[in-house]
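Next comes my_file.txt, a file with compact mmCIF, C-alpha atoms and all ligand atoms.
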```
# COMPACT_ATOMS: atom_id res chain seq x y z
CA MET A 1 113.04 32.96 189.78
CA ASN A 2 111.41 35.69 191.82
CA GLU A 3 108.04 34.38 193.03
CA SER A 4 106.09 37.47 192.09
CA TYR A 5 107.40 37.18 188.52
CA ALA A 6 106.37 33.54 188.41
CA ASN A 7 102.80 34.56 189.23
CA TYR A 8 102.83 37.48 186.91
CA SER A 9 100.13 37.44 184.29
CA PHE A 10 101.16 37.68 180.66
CA HIS A 11 102.52 41.11 179.74
CA THR A 12 100.34 43.03 177.29
CA PRO A 13 102.61 44.34 174.54
CA VAL A 14 101.90 47.91 173.45
CA LEU A 15 101.06 48.74 169.80
CA ALA A 16 101.81 45.12 168.86
CA PRO A 17 100.25 45.03 165.34
CA GLN A 18 102.10 48.22 164.41
CA VAL A 19 105.39 46.79 165.73
CA VAL A 20 104.94 43.65 163.62
CA GLU A 21 104.11 45.62 160.49
CA LEU A 22 106.98 48.07 160.82
CA LEU A 23 109.69 45.79 162.18
CA ILE A 24 109.40 42.57 160.18
CA THR A 25 110.83 42.83 156.69
CA ARG A 26 111.60 39.12 156.25
CA ARG A 27 110.10 36.15 158.02
CA ASP A 28 113.42 34.31 158.27
CA GLY A 29 115.29 37.33 159.64
CA LEU A 30 117.33 38.01 162.76
CA TYR A 31 115.71 40.45 165.17
CA VAL A 32 116.69 42.07 168.45
CA ASP A 33 114.13 42.80 171.14
CA GLY A 34 116.30 45.16 173.22
CA THR A 35 113.75 45.37 176.05
CA VAL A 36 112.34 41.87 176.26
CA GLY A 37 110.64 42.47 179.67
CA GLY A 38 107.72 40.06 180.04
CA GLY A 39 108.34 38.71 176.52
CA GLY A 40 105.09 40.16 175.16
CA HIS A 41 106.48 41.67 171.95
CA THR A 42 108.90 38.80 171.40
CA ARG A 43 106.02 36.32 171.52
CA VAL A 44 104.03 38.32 168.97
CA LEU A 45 107.06 38.61 166.69
CA LEU A 46 107.69 34.85 166.89
CA ASP A 47 104.10 34.22 165.80
CA HIS A 48 104.90 36.09 162.58
CA LEU A 49 108.32 34.56 161.91
CA ASP A 50 109.45 31.32 160.24
CA ASP A 51 111.22 28.40 161.91
CA THR A 52 114.58 29.66 160.66
CA ALA A 53 114.21 33.17 162.12
CA ARG A 54 115.98 34.22 165.32
CA VAL A 55 115.15 36.68 168.08
CA ILE A 56 117.73 37.92 170.58
CA GLY A 57 115.91 39.26 173.64
CA ILE A 58 117.87 41.57 175.93
CA ASP A 59 116.98 42.91 179.37
CA GLN A 60 119.00 44.43 182.17
CA ASP A 61 116.56 43.13 184.78
CA PRO A 62 117.58 39.67 186.04
CA GLU A 63 113.95 38.90 186.96
CA ALA A 64 112.79 39.59 183.39
CA VAL A 65 115.65 37.48 182.03
CA ALA A 66 114.84 34.52 184.29
CA TYR A 67 111.15 34.77 183.41
CA CYS A 68 111.76 34.93 179.64
CA ARG A 69 114.33 32.11 179.71
CA THR A 70 111.58 29.91 181.15
CA GLN A 71 108.88 31.23 178.85
CA PHE A 72 110.90 30.64 175.67
CA SER A 73 112.88 27.57 176.79
CA THR A 74 111.25 25.36 174.15
CA ASP A 75 111.67 27.78 171.23
CA SER A 76 115.10 27.29 169.64
CA ARG A 77 114.72 30.58 167.73
CA VAL A 78 115.08 32.62 170.93
CA LEU A 79 118.19 33.65 172.83
CA ILE A 80 117.70 35.66 176.03
CA VAL A 81 120.64 37.81 177.13
CA HIS A 82 121.10 39.61 180.44
CA ASP A 83 122.68 42.93 179.55
CA ASN A 84 122.13 46.65 179.12
CA PHE A 85 121.13 47.58 175.58
CA ARG A 86 123.64 50.42 175.61
CA ASP A 87 126.22 47.67 174.89
CA LEU A 88 124.29 46.36 171.89
CA LYS A 89 127.17 46.38 169.45
CA SER A 90 129.69 44.59 171.65
CA LEU A 91 127.01 42.19 172.86
CA LEU A 92 126.21 41.16 169.28
CA GLU A 93 129.91 40.92 168.41
CA ALA A 94 130.37 38.54 171.34
CA LYS A 95 127.64 36.35 169.81
CA SER A 96 129.35 36.57 166.38
CA VAL A 97 126.40 38.53 164.98
CA GLU A 98 127.40 41.23 162.53
CA LYS A 99 124.13 42.61 161.20
CA VAL A 100 120.45 42.26 162.08
CA ASP A 101 117.14 42.79 160.26
CA GLY A 102 115.36 44.72 162.96
CA ILE A 103 115.66 46.17 166.45
CA LEU A 104 112.78 46.89 168.82
CA LEU A 105 113.09 49.12 171.88
CA ASP A 106 110.03 49.35 174.13
CA LEU A 107 111.49 51.76 176.64
CA GLY A 108 110.96 52.40 180.32
CA VAL A 109 109.71 50.10 183.04
CA SER A 110 107.56 47.00 182.68
CA SER A 111 104.23 46.53 184.44
CA HIS A 112 105.93 43.92 186.57
CA GLN A 113 108.58 46.40 187.73
CA ILE A 114 105.98 49.08 188.55
CA ASP A 115 103.79 46.59 190.39
CA SER A 116 106.66 45.17 192.50
CA ALA A 117 106.60 47.32 195.64
CA SER A 118 110.11 46.15 196.55
CA ARG A 119 111.58 47.86 193.46
CA GLY A 120 110.44 51.33 194.61
CA PHE A 121 109.25 52.62 191.20
CA SER A 122 105.75 53.63 192.24
CA PHE A 123 104.48 56.25 194.68
CA GLN A 124 101.27 54.20 194.87
CA GLN A 125 103.04 51.30 196.58
CA THR A 126 105.05 51.24 199.78
CA GLY A 127 108.61 50.07 199.29
CA PRO A 128 112.29 50.95 199.59
CA LEU A 129 113.37 53.82 197.31
CA ASP A 130 115.53 51.69 195.05
CA MET A 131 114.46 52.20 191.39
CA ARG A 132 117.34 50.27 189.83
CA MET A 133 116.16 48.20 186.88
CA GLY A 134 119.16 45.93 187.15
CA SER A 135 122.51 45.42 188.75
CA PHE A 136 124.25 47.74 186.27
CA GLN A 137 123.40 50.95 188.16
CA PRO A 138 125.67 52.23 190.91
CA SER A 139 123.22 54.16 193.16
CA THR A 140 119.67 53.79 194.42
CA ALA A 141 117.22 56.69 194.45
CA ALA A 142 117.46 56.82 198.27
CA GLU A 143 121.27 57.19 198.13
CA ILE A 144 120.88 60.17 195.80
CA LEU A 145 118.21 61.88 197.91
CA ASN A 146 120.19 61.40 201.14
CA THR A 147 123.62 62.47 199.89
CA TRP A 148 123.32 64.98 197.04
CA LYS A 149 123.38 68.75 197.54
CA GLY A 150 119.92 70.36 197.44
CA GLU A 151 120.80 72.31 194.30
CA ASP A 152 121.79 69.13 192.46
CA ILE A 153 118.56 67.40 193.50
CA ALA A 154 116.59 70.41 192.20
CA ASN A 155 118.46 70.29 188.88
CA LEU A 156 117.79 66.56 188.53
CA ILE A 157 114.05 67.00 189.18
CA TRP A 158 113.95 69.84 186.66
CA LYS A 159 116.05 68.15 183.98
CA TYR A 160 114.49 64.68 184.00
CA GLY A 161 111.04 65.44 185.45
CA GLU A 162 110.45 68.87 183.86
CA GLU A 163 108.88 69.82 187.21
CA ARG A 164 108.59 73.56 187.76
CA GLN A 165 108.55 73.32 191.55
CA SER A 166 111.85 71.46 191.63
CA ARG A 167 113.59 73.94 193.96
CA ARG A 168 110.83 73.94 196.51
CA ILE A 169 110.73 70.13 196.48
CA ALA A 170 114.52 69.85 196.82
CA ARG A 171 114.48 72.20 199.82
CA ALA A 172 111.79 70.05 201.48
CA ILE A 173 113.86 66.92 200.80
CA VAL A 174 116.96 68.42 202.42
CA ARG A 175 114.98 69.68 205.45
CA SER A 176 113.36 66.29 205.92
CA ARG A 177 116.55 64.24 205.67
CA GLU A 178 118.19 66.38 208.36
CA ALA A 179 115.65 64.88 210.78
CA ASN A 180 115.50 61.34 209.31
CA PRO A 181 117.01 59.67 206.25
CA ILE A 182 114.60 59.20 203.33
CA ARG A 183 114.15 55.47 202.88
CA THR A 184 110.81 54.60 201.31
CA THR A 185 108.47 55.62 198.48
CA ASP A 186 106.05 56.77 201.19
CA ASP A 187 108.72 59.03 202.75
CA LEU A 188 109.32 60.74 199.41
CA ALA A 189 105.61 60.97 198.53
CA ARG A 190 104.87 62.59 201.91
CA ILE A 191 107.66 65.16 201.45
CA VAL A 192 106.56 66.05 197.90
CA ARG A 193 102.89 66.32 198.92
CA GLY A 194 103.85 68.56 201.84
CA ALA A 195 105.98 70.76 199.60
CA VAL A 196 103.56 71.34 196.74
CA GLY A 197 100.00 70.93 198.05
CA GLY A 198 97.09 71.66 195.73
CA ARG A 199 95.35 69.79 192.94
CA TYR A 200 98.31 68.70 190.88
CA GLN A 201 100.14 66.69 193.52
CA THR A 202 99.78 63.40 191.61
CA LYS A 203 101.31 64.84 188.44
CA THR A 204 104.16 66.35 190.45
CA LEU A 205 104.75 63.03 192.21
CA ALA A 206 104.85 61.26 188.83
CA ARG A 207 107.42 63.77 187.56
CA VAL A 208 109.63 63.48 190.64
CA PHE A 209 109.57 59.67 190.52
CA GLN A 210 110.26 59.74 186.78
CA ALA A 211 113.22 62.09 187.26
CA LEU A 212 114.82 59.80 189.83
CA ARG A 213 114.21 56.67 187.76
CA VAL A 214 115.64 58.22 184.59
CA HIS A 215 118.78 59.28 186.45
CA VAL A 216 119.24 56.10 188.50
CA ASN A 217 119.09 53.98 185.34
CA GLN A 218 120.95 56.47 183.12
CA GLU A 219 118.10 55.98 180.70
CA LEU A 220 118.82 58.82 178.28
CA GLU A 221 122.54 58.02 178.05
CA ALA A 222 121.73 54.36 177.34
CA LEU A 223 119.15 55.38 174.72
CA GLU A 224 121.58 57.71 172.92
CA LYS A 225 124.17 54.95 172.82
CA VAL A 226 121.82 52.21 171.58
CA LEU A 227 120.46 54.47 168.83
CA ARG A 228 123.99 55.07 167.56
CA ASP A 229 124.85 51.36 167.79
CA SER A 230 121.61 50.37 166.05
CA VAL A 231 122.48 52.26 162.88
CA GLU A 232 125.80 50.41 162.78
CA VAL A 233 124.36 46.94 163.20
CA LEU A 234 121.25 47.17 161.01
CA LYS A 235 121.41 45.62 157.54
CA THR A 236 120.43 47.83 154.64
CA GLY A 237 116.63 47.73 154.70
CA GLY A 238 116.65 46.75 158.39
CA ARG A 239 114.28 48.59 160.72
CA LEU A 240 114.53 50.28 164.09
CA VAL A 241 111.27 50.66 166.02
CA VAL A 242 111.22 52.63 169.28
CA ILE A 243 108.31 53.04 171.69
CA SER A 244 108.82 55.77 174.27
CA TYR A 245 106.68 56.84 177.20
CA HIS A 246 107.81 60.37 178.06
CA SER A 247 108.71 63.47 176.13
CA LEU A 248 112.45 63.38 176.95
CA GLU A 249 112.84 59.97 175.32
CA ASP A 250 110.58 60.76 172.41
CA ARG A 251 112.40 64.03 171.67
CA LEU A 252 115.73 62.23 171.67
CA VAL A 253 114.46 59.56 169.24
CA LYS A 254 112.84 62.17 166.97
CA GLN A 255 116.00 64.28 166.80
CA PHE A 256 118.18 61.24 166.22
CA PHE A 257 116.02 59.98 163.35
CA ARG A 258 115.91 63.47 161.80
CA HIS A 259 119.69 63.77 162.02
CA GLU A 260 120.24 60.32 160.48
CA ALA A 261 117.74 61.04 157.69
CA SER A 262 119.16 64.45 156.81
CA THR A 263 121.61 65.06 153.99
CA CYS A 264 122.99 68.35 155.28
CA VAL A 265 123.86 69.68 158.73
CA CYS A 266 125.40 72.98 157.62
CA PRO A 267 124.27 76.13 159.51
CA ASP A 268 121.06 77.67 158.10
CA ASP A 269 122.92 80.76 156.85
CA ALA A 270 125.68 78.83 155.04
CA PRO A 271 125.66 79.82 151.33
CA LEU A 272 126.68 76.33 150.19
CA CYS A 273 126.59 72.85 151.66
CA THR A 274 130.07 71.81 152.70
CA CYS A 275 129.27 69.13 155.29
CA GLU A 276 129.07 66.22 152.83
CA LYS A 277 126.70 64.44 155.17
CA THR A 278 124.80 61.47 153.78
CA ALA A 279 121.55 60.07 155.11
CA ARG A 280 121.85 56.70 156.81
CA MET A 281 118.17 56.25 157.65
CA ARG A 282 114.75 56.83 156.15
CA ILE A 283 111.96 57.84 158.52
CA LEU A 284 109.00 55.47 158.16
CA VAL A 285 106.34 57.34 160.13
CA SER A 286 106.28 61.13 159.94
CA LYS A 287 104.28 61.54 163.16
CA PRO A 288 104.60 59.17 166.13
CA ILE A 289 102.02 56.40 166.25
CA THR A 290 99.94 56.41 169.44
CA PRO A 291 97.55 53.74 170.75
CA ARG A 292 93.89 53.92 169.78
CA ASP A 293 91.23 54.47 172.45
CA ASP A 294 90.30 50.78 172.56
CA GLU A 295 93.93 49.80 173.29
CA ILE A 296 94.15 52.44 176.05
CA GLN A 297 90.93 51.12 177.53
CA THR A 298 92.17 47.53 177.73
CA ASN A 299 95.73 48.50 178.64
CA PRO A 300 95.75 51.92 180.39
CA ARG A 301 99.54 51.87 180.70
CA SER A 302 99.78 52.21 176.94
CA ARG A 303 98.27 55.71 177.01
CA SER A 304 101.53 57.67 176.85
CA ALA A 305 103.19 55.40 174.24
CA ARG A 306 104.65 56.99 171.10
CA LEU A 307 106.11 54.78 168.40
CA ARG A 308 108.69 55.96 165.88
CA ALA A 309 110.35 53.86 163.20
CA ALA A 310 113.11 54.26 160.65
CA GLU A 311 114.86 52.09 158.05
CA ARG A 312 118.59 51.74 157.43
CA ILE A 313 119.55 52.84 153.94
CA THR A 314 122.90 52.65 152.21
C1 LIG A 401 108.24 48.42 178.85
S1 LIG A 401 109.18 47.05 179.34
C2 LIG A 401 109.20 46.02 177.93
C3 LIG A 401 108.05 45.09 177.84
C4 LIG A 401 108.14 44.13 176.67
N1 LIG A 401 108.18 44.83 175.41
C5 LIG A 401 107.00 43.15 176.67
O1 LIG A 401 106.14 43.20 175.76
O2 LIG A 401 106.93 42.32 177.57
C6 LIG A 401 110.80 47.67 179.35
C7 LIG A 401 111.85 46.65 179.74
O3 LIG A 401 113.08 47.17 179.27
C8 LIG A 401 114.09 46.93 180.21
N2 LIG A 401 115.10 47.96 180.01
C9 LIG A 401 114.97 49.30 180.17
N3 LIG A 401 116.13 49.92 179.89
C10 LIG A 401 117.01 48.95 179.51
C11 LIG A 401 118.36 48.96 179.11
N4 LIG A 401 119.07 50.10 179.04
N5 LIG A 401 118.95 47.79 178.78
C12 LIG A 401 118.24 46.62 178.86
N6 LIG A 401 116.97 46.56 179.26
C13 LIG A 401 116.34 47.70 179.59
C14 LIG A 401 113.39 47.01 181.55
O4 LIG A 401 114.10 46.28 182.52
C15 LIG A 401 112.02 46.41 181.21
O5 LIG A 401 112.00 45.04 181.49
```
Could you write out this file's structure as structure tokens?
Ligand SMILES: C[S@@+](CC[C@H](N)C(=O)[O-])C[C@H]1O[C@@H](n2cnc3c(N)ncnc32)[C@H](O)[C@@H]1O
Amino acid sequence: MNESYANYSFHTPVLAPQVVELLITRRDGLYVDGTVGGGGHTRVLLDHLDDTARVIGIDQDPEAVAYCRTQFSTDSRVLIVHDNFRDLKSLLEAKSVEKVDGILLDLGVSSHQIDSASRGFSFQQTGPLDMRMGSFQPSTAAEILNTWKGEDIANLIWKYGEERQSRRIARAIVRSREANPIRTTDDLARIVRGAVGGRYQTKTLARVFQALRVHVNQELEALEKVLRDSVEVLKTGGRLVVISYHSLEDRLVKQFFRHEASTCVCPDDAPLCTCEKTARMRILVSKPITPRDDEIQTNPRSRSARLRAAERIT
């Protein structure tokens, strides 16, 4: 196991009481933690489940998988799987699991990943510009910045970072790499700071790093796929709980839940409903749940969390 993970203090799960309340419908059920990470949520779930319950914990990060396999080695209710959650359906089929009682997705990166300089996720730490969460991604962030056309880099920063100065930043990246390849988080941070100046540099840096991470890990594509798979594998009455940390993810989850809960997708001006759509889910929380001030104080990384939940109906 990676040494830094071995020394890693226990992960603080975000919105844990709310997850327990919304996810667990039966104490002897079968649950999937699709983003097991440091095992924080899985541990809390296990505390509320019977001896006959089961939890399948999935993570694409081999370090998280190794850590959780050790953490839960003595609990026969837990199975830790190294995979990408976008393959949820086939992964469950391979384990002869047809339907589950609940699925939790706590999206994004773990504290451990952000704090590991060698992973390149943070502009506050010096490290290689990698940003891959696991071995399932083909390119590192550095490969993208050093090989893509400037226009494509600008589009990426705009699309996944919603950064208005994307063109200016992309031009600075291209100019800089002509002199020297971009290799580290510091290289990129210096280029971005030089390109934008002013008071909002930190926010811009966060958006640029987010954009690269979302693309490198194909986060939105994986999320779309796992949402679709989840509806298929949930039992009637089973719950899907999703915690997201940026507006792109949250929007996708909101729209997906709305679509699955709607009974008509005909155009607004259609005189009659002809689509014959049926609702497959019931939305459980009308507005996303966010952490209270005391949670944000003890766990500042929870501040951007937004939890949405829905139930599978027939
Ligand atoms: C915010 S952390 C989860 C922390 C966890 N809930 C806990 O309490 O310890 C997100 C985790 O999801 C994993 N992850 C993100 N996208 C994934 C995907 N598409 N498939 C599998 N794991 C993913 C990351 O590697 C990371 O370990």
Hey, could you pull the box centre and edge lengths for ligand LIG 401 (chain A), axis-aligned, 5 Å padding per side, all listed atoms, to one decimal in Å, as JSON?
```
{"center_x": 112.6, "center_y": 46.2, "center_z": 179.0, "size_x": 22.9, "size_y": 17.8, "size_z": 17.1}
```
(message) Counting only C-alpha atoms and all ligand atoms, what are the residues, protein, DNA or RNA alike, that approach ligand LIG 401 (chain A) to within 9 Å? I want them as a PyMOL selection string.
(response) chain A and resi 10-14+16+33-44+58-65+82-88+104-113+132-134+217-223+226+243-245
Contacts of A:Asp130 at 9 Å or less, counting all atoms listed in the file, minus same-chain residues fewer than 5 places along, as a compact mmCIF listing (two decimals) with C-alpha atoms, keeping the file's coordinate frame?
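part18.txt, written as the output of this step:
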```
# COMPACT_ATOMS: atom_id res chain seq x y z
CA SER A 118 110.11 46.15 196.55
CA ARG A 119 111.58 47.86 193.46
CA GLY A 120 110.44 51.33 194.61
CA PHE A 121 109.25 52.62 191.20
CA SER A 139 123.22 54.16 193.16
CA THR A 140 119.67 53.79 194.42
CA ALA A 141 117.22 56.69 194.45
CA ALA A 142 117.46 56.82 198.27
CA GLU A 143 121.27 57.19 198.13
CA ARG A 183 114.15 55.47 202.88
CA THR A 184 110.81 54.60 201.31
CA THR A 185 108.47 55.62 198.48
CA ARG A 213 114.21 56.67 187.76
CA VAL A 216 119.24 56.10 188.50
```
(message) My list of candidates is A:Asp294, A:Asp101, A:Glu260, A:Asp28. Which is closest to A:Arg228 when distances are computed with all atoms listed in the file?
(response) A:Glu260
(request) Can you work out the spacing between atom CA of A:Val231 and atom CA of A:Glu93 in Å, to one decimal? (result)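 Interatomic distance here is 14.6 Å.
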(message) Please report the interatomic distance between atom CA of A:Arg177 and atom CA of A:Ile153 in Å with one decimal.
(response)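 Going from atom CA of A:Arg177 over to atom CA of A:Ile153 covers 12.7 Å.
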(request) Provide the atom CA of A:Ser247 to atom CA of A:Leu307 distance in Å, to one decimal place. (result) 11.9 Å
(message) Counting all atoms listed in the file, which residues have an atom no more than 8 Å from (119.1, 36.0, 160.6) in the file's coordinates? Please list them as a PyMOL selection string.
(response) chain A and resi 28-31+52-54+100-101
(message) Using only C-alpha atoms for the distances, tell me which of A:Asn299, A:Ser176, A:Gln71, A:Gln201 is nearest to A:Glu163.
(response) A:Gln201
(request) Show which residues sit within 8 Å of A:Phe209, as a list in words. Count all atoms listed in the file, and ignore same-chain residues fewer than 5 positions away. (result)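 After dropping sequence-adjacent residues, the list is Phe121, Ser122, Phe123 and Gly161 of chain A.
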Neighbours of A:Ala309 within 6 Å (all atoms listed in the file; same-chain residues fewer than 2 positions away dropped), as a PDB file with C-alpha atoms, in the coordinates of the input?
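Ended up saving to out-v1.pdb:
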```pdb
ATOM      1  CA  LEU A 240     114.530  50.280 164.090  1.00  0.00           C
ATOM      2  CA  VAL A 241     111.270  50.660 166.020  1.00  0.00           C
ATOM      3  CA  LEU A 284     109.000  55.470 158.160  1.00  0.00           C
TER       4      LEU A 284
END
```
(message) Given all atoms listed in the file as the basis, pick out the residue of A:Arg308, A:Arg171, A:His259, A:Lys277 nearest to A:Trp148.
(response) A:Arg171
(request) Name the closest residue to A:Phe256 among the candidates A:Ile283, A:Ala172, A:Val233, A:Ala305; distances are taken between atoms, counting only C-alpha atoms. (result)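 Residue with the minimum atom-to-atom distance to A:Phe256: A:Ile283.
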May I have a table of the residues of stretch 115-168 of chain A lying at most 12 Å from stretch 193-196 of chain A, giving each one's closest pair of atoms and their distance in Å to one decimal, counting all atoms listed in the file, ordered by chain and ascending residue number, as JSON lines?
```
{"residue": "A:Phe123", "atom": "CA", "partner": "A:Arg193", "partner_atom": "CA", "distance": 11.0}
{"residue": "A:Glu163", "atom": "CA", "partner": "A:Val196", "partner_atom": "CA", "distance": 11.0}
{"residue": "A:Arg164", "atom": "CA", "partner": "A:Val196", "partner_atom": "CA", "distance": 10.5}
{"residue": "A:Gln165", "atom": "CA", "partner": "A:Val196", "partner_atom": "CA", "distance": 7.5}
{"residue": "A:Ser166", "atom": "CA", "partner": "A:Val196", "partner_atom": "CA", "distance": 9.7}
{"residue": "A:Arg167", "atom": "CA", "partner": "A:Ala195", "partner_atom": "CA", "distance": 10.0}
{"residue": "A:Arg168", "atom": "CA", "partner": "A:Ala195", "partner_atom": "CA", "distance": 6.6}
```
(message) Just checking: using only C-alpha atoms, which residue out of A:Val55, A:Leu227, A:Val174, A:Ile144 ends up closest to A:Val242?
(response)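 Closest to A:Val242, using only C-alpha atoms: A:Leu227.
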(message) So that I can see what lies close to A:Leu234, please list as a PyMOL selection string the residues with an atom at most 7 Å from it, counting only C-alpha atoms and leaving out residues fewer than 4 positions away in the same chain.
(response) chain A and resi 99-102+230+238+312
(message) List the spatial neighbours of A:Thr290 as an NGL selection string - criterion: any atom at most 9 Å away, only C-alpha atoms, same-chain residues fewer than 5 positions off excluded.
(response) :A and (15 or 302-307)
